[in-house]
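Worksheet: one structure, shown below.
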Amino acid sequence: MMVLDGKIASAAVKQELLEQTQMITQSGNRAPHLVAILVGTNGASETYVASKVKNCEEIGFQSTLVRFENTVAESILLDSIHAFNNDPNVDGILVQLPLPKHISEQKIIEAIDPSKDVDGFHPSSAGKLVQGLPSFIPATPFGIMLMLEYFDIPTKGKHAVVIGRSNIVGRPMSILLSSNIPRGNCTVTICHSHTPNLKEICLQADILIAALGKPEFVKADMVKDGAVVIDVGITRVDDPTAKKGFRIKGDVAYAEVAPKTSAITPVPGGVGLMTIAGLLKNTLQAYKMRIG
Ligand code: GUN
């Protein structure tokens, strides 16, 4: 069994991005610039955004973190996005989700200029992805594709089962794996909360992607011997014995599932790190489209 270590794979992607950024700045151009917008004080969102900003710094990108109170009016958030859309020194804009209930996530996503949509959540980006056109790929599925590439996991002709149909992970993941691209060409089944016989379908998976957000949902009796298992879950579960009072759990019961697999991602230290690598790659792509 091979552990698909996100630290190693993301470090390789980041090294490549660092070198490209150095070449850009050494030739007198400005660095790529990512703006991250955070609303409220959700603990997990704070951690993710802080990590995105830190990773930008590590590879020489400029980053700006903009914070709003939980009570911010939707119109204020929209004004801020429009200002960054019009700022020629900004290449990528992301608004960390989830947003408070009084704000329409869809309106916010659609307010971001598609040329700066480094999260790949805009319907224009999603539509291009479906049609196989160049586009920003949502960071998590993009990161998983980079991981499959880094560890040279064969995909052609395999049966991939994706549990979860979110716009952020499950749906774009299923499109990528079924596309005629490197690390694609799978036959894909998407499972969700209304799928009967989920266990039987999972047992047919050569590649199983768990992206439903339920801690340790995937048990050993749902996994075929020798399958590749990709765990997208990152749920905080209360644990008074842990230093922070919680523990991060994936969607896969790792201890019992790992011995059955040929390869598996750990949580933490797996897909989460690749998500950031995907975001950084999208930001450099947005920069190149802008600066030429
Ligand atoms: N919330 C959970 N995942 C993501 C992500 O990839 N991007 C943003 N902006 N918010 C998220």
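Within each chain, counting starts at residue 1; across the structure tokens, chains are named A, B, ... in the order shown, with ligands numbered 1 upward in that order.
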Inset, instruction - Go through region 42-267 of chain A and collect every residue that DSSP, computed from the backbone, puts in helix (DSSP H, G or I); the answer should be as a PyMOL selection string. - result: chain A and resi 43-58+74-85+105-111+114-116+123-130+139-150+170-178+198-202+220-222+254-260
Inset, instruction - Name each residue within 6 Å of ligand 1, counting only C-alpha atoms and all ligand atoms, as a PyMOL selection string. - result: chain A and resi 94-98+119+139
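The closest residue to Gln62 (chain A), picked from A:Ile175, A:Ala255, A:Val162, A:Ala36 and counting only C-alpha atoms, is A:Ala36.
Compared by their closest atoms to Gln26 (chain A), and using only C-alpha atoms, the residues A:Pro154, A:Gly226, A:Pro196, A:Gly60 rank with A:Gly60 nearest.
Minimum atom-to-atom distance to Val130 (chain A), evaluated using only C-alpha atoms, belongs to A:Met173 out of A:Ala9, A:Cys202, A:Met145, A:Met173.
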Inset, instruction - Write out as a list in words the residues lying within 12 Å of Leu78 (chain A), counting only C-alpha atoms and excluding same-chain residues fewer than 2 positions away. - result: Ile37, Phe68, Val72, Ala73, Glu74, Ser75, Ile76, Ser80, Ile81, His82, Ala83, Phe84, Asn85, Val95, Ile103, Ser104, Glu105, Gln106, Lys107, Ile108, Ile109, Glu110, Ala111, Ile112 and Asp113 of chain A
Mind writing the picked residues with C-alpha atoms as a PDB file, in the first residue's frame?
```
ATOM      1  CA  ILE A  37     -11.941  37.446   0.998  1.00  0.00           C
ATOM      2  CA  PHE A  68     -15.493  41.372   6.685  1.00  0.00           C
ATOM      3  CA  VAL A  72     -21.605  42.546   6.336  1.00  0.00           C
ATOM      4  CA  ALA A  73     -24.239  43.514   3.771  1.00  0.00           C
ATOM      5  CA  GLU A  74     -24.217  41.572   0.529  1.00  0.00           C
ATOM      6  CA  SER A  75     -23.934  44.846  -1.404  1.00  0.00           C
ATOM      7  CA  ILE A  76     -20.698  45.760   0.419  1.00  0.00           C
ATOM      8  CA  SER A  80     -15.462  44.925  -2.923  1.00  0.00           C
ATOM      9  CA  ILE A  81     -15.448  42.193  -5.576  1.00  0.00           C
ATOM     10  CA  HIS A  82     -16.179  44.720  -8.320  1.00  0.00           C
ATOM     11  CA  ALA A  83     -13.261  46.871  -7.154  1.00  0.00           C
ATOM     12  CA  PHE A  84     -10.884  43.894  -7.331  1.00  0.00           C
ATOM     13  CA  ASN A  85     -12.340  42.904 -10.724  1.00  0.00           C
ATOM     14  CA  VAL A  95     -14.264  34.299  -1.521  1.00  0.00           C
ATOM     15  CA  ILE A 103     -25.626  36.435   1.586  1.00  0.00           C
ATOM     16  CA  SER A 104     -26.314  34.615  -1.675  1.00  0.00           C
ATOM     17  CA  GLU A 105     -23.252  32.490  -2.432  1.00  0.00           C
ATOM     18  CA  GLN A 106     -24.391  32.190  -6.038  1.00  0.00           C
ATOM     19  CA  LYS A 107     -24.570  35.984  -6.456  1.00  0.00           C
ATOM     20  CA  ILE A 108     -21.093  36.353  -4.981  1.00  0.00           C
ATOM     21  CA  ILE A 109     -19.616  33.598  -7.143  1.00  0.00           C
ATOM     22  CA  GLU A 110     -21.147  35.132 -10.257  1.00  0.00           C
ATOM     23  CA  ALA A 111     -19.839  38.611  -9.355  1.00  0.00           C
ATOM     24  CA  ILE A 112     -16.223  37.496  -9.732  1.00  0.00           C
ATOM     25  CA  ASP A 113     -14.760  38.283 -13.149  1.00  0.00           C
TER      26      ASP A 113
END
```
Inset, instruction - For Leu176 (chain A), work out the shell of residues within 10 Å, counting only C-alpha atoms and skipping chain neighbours fewer than 6 positions away, then give it as a PyMOL selection string. - result: chain A and resi 129-130+132+137+141-142+145+182-186+188
Inset, instruction - Can you pull out every residue within 8 Å of Ala210 (chain A), counting only C-alpha atoms, but drop anything in the same chain fewer than 4 positions away, and send it as a ChimeraX atom specification? - result: /A:162-164,218,229-233,251-252
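You can rank A:Pro88, A:Gly250, A:Pro138, A:Gly272 by their closest distance to Lys52 (chain A) using only C-alpha atoms, and at the top of that list sits A:Gly272.
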Legend entry - All strand (DSSP E) positions in region 45-257 of chain A, as a ChimeraX atom specification: /A:62-68,92-95,159-163,187-191,207-210,228-231,235-238,246-249
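Our summary of the geometry notes that CA of Ala11 (chain A) is positioned 21.5 Å from CA of Ile248 (chain A).
We find CA of Lys116 (chain A) and CA of Ser27 (chain A) to be spaced 23.2 Å apart.
Rounded to one decimal, CA of Thr140 (chain A) and CA of Val169 (chain A) lie 6.2 Å from each other.
Ranking A:Ala44, A:Leu279, A:Leu273, A:Leu284 by their shortest atom-to-atom distance to Lys7 (chain A), with only C-alpha atoms included, puts A:Leu273 first.
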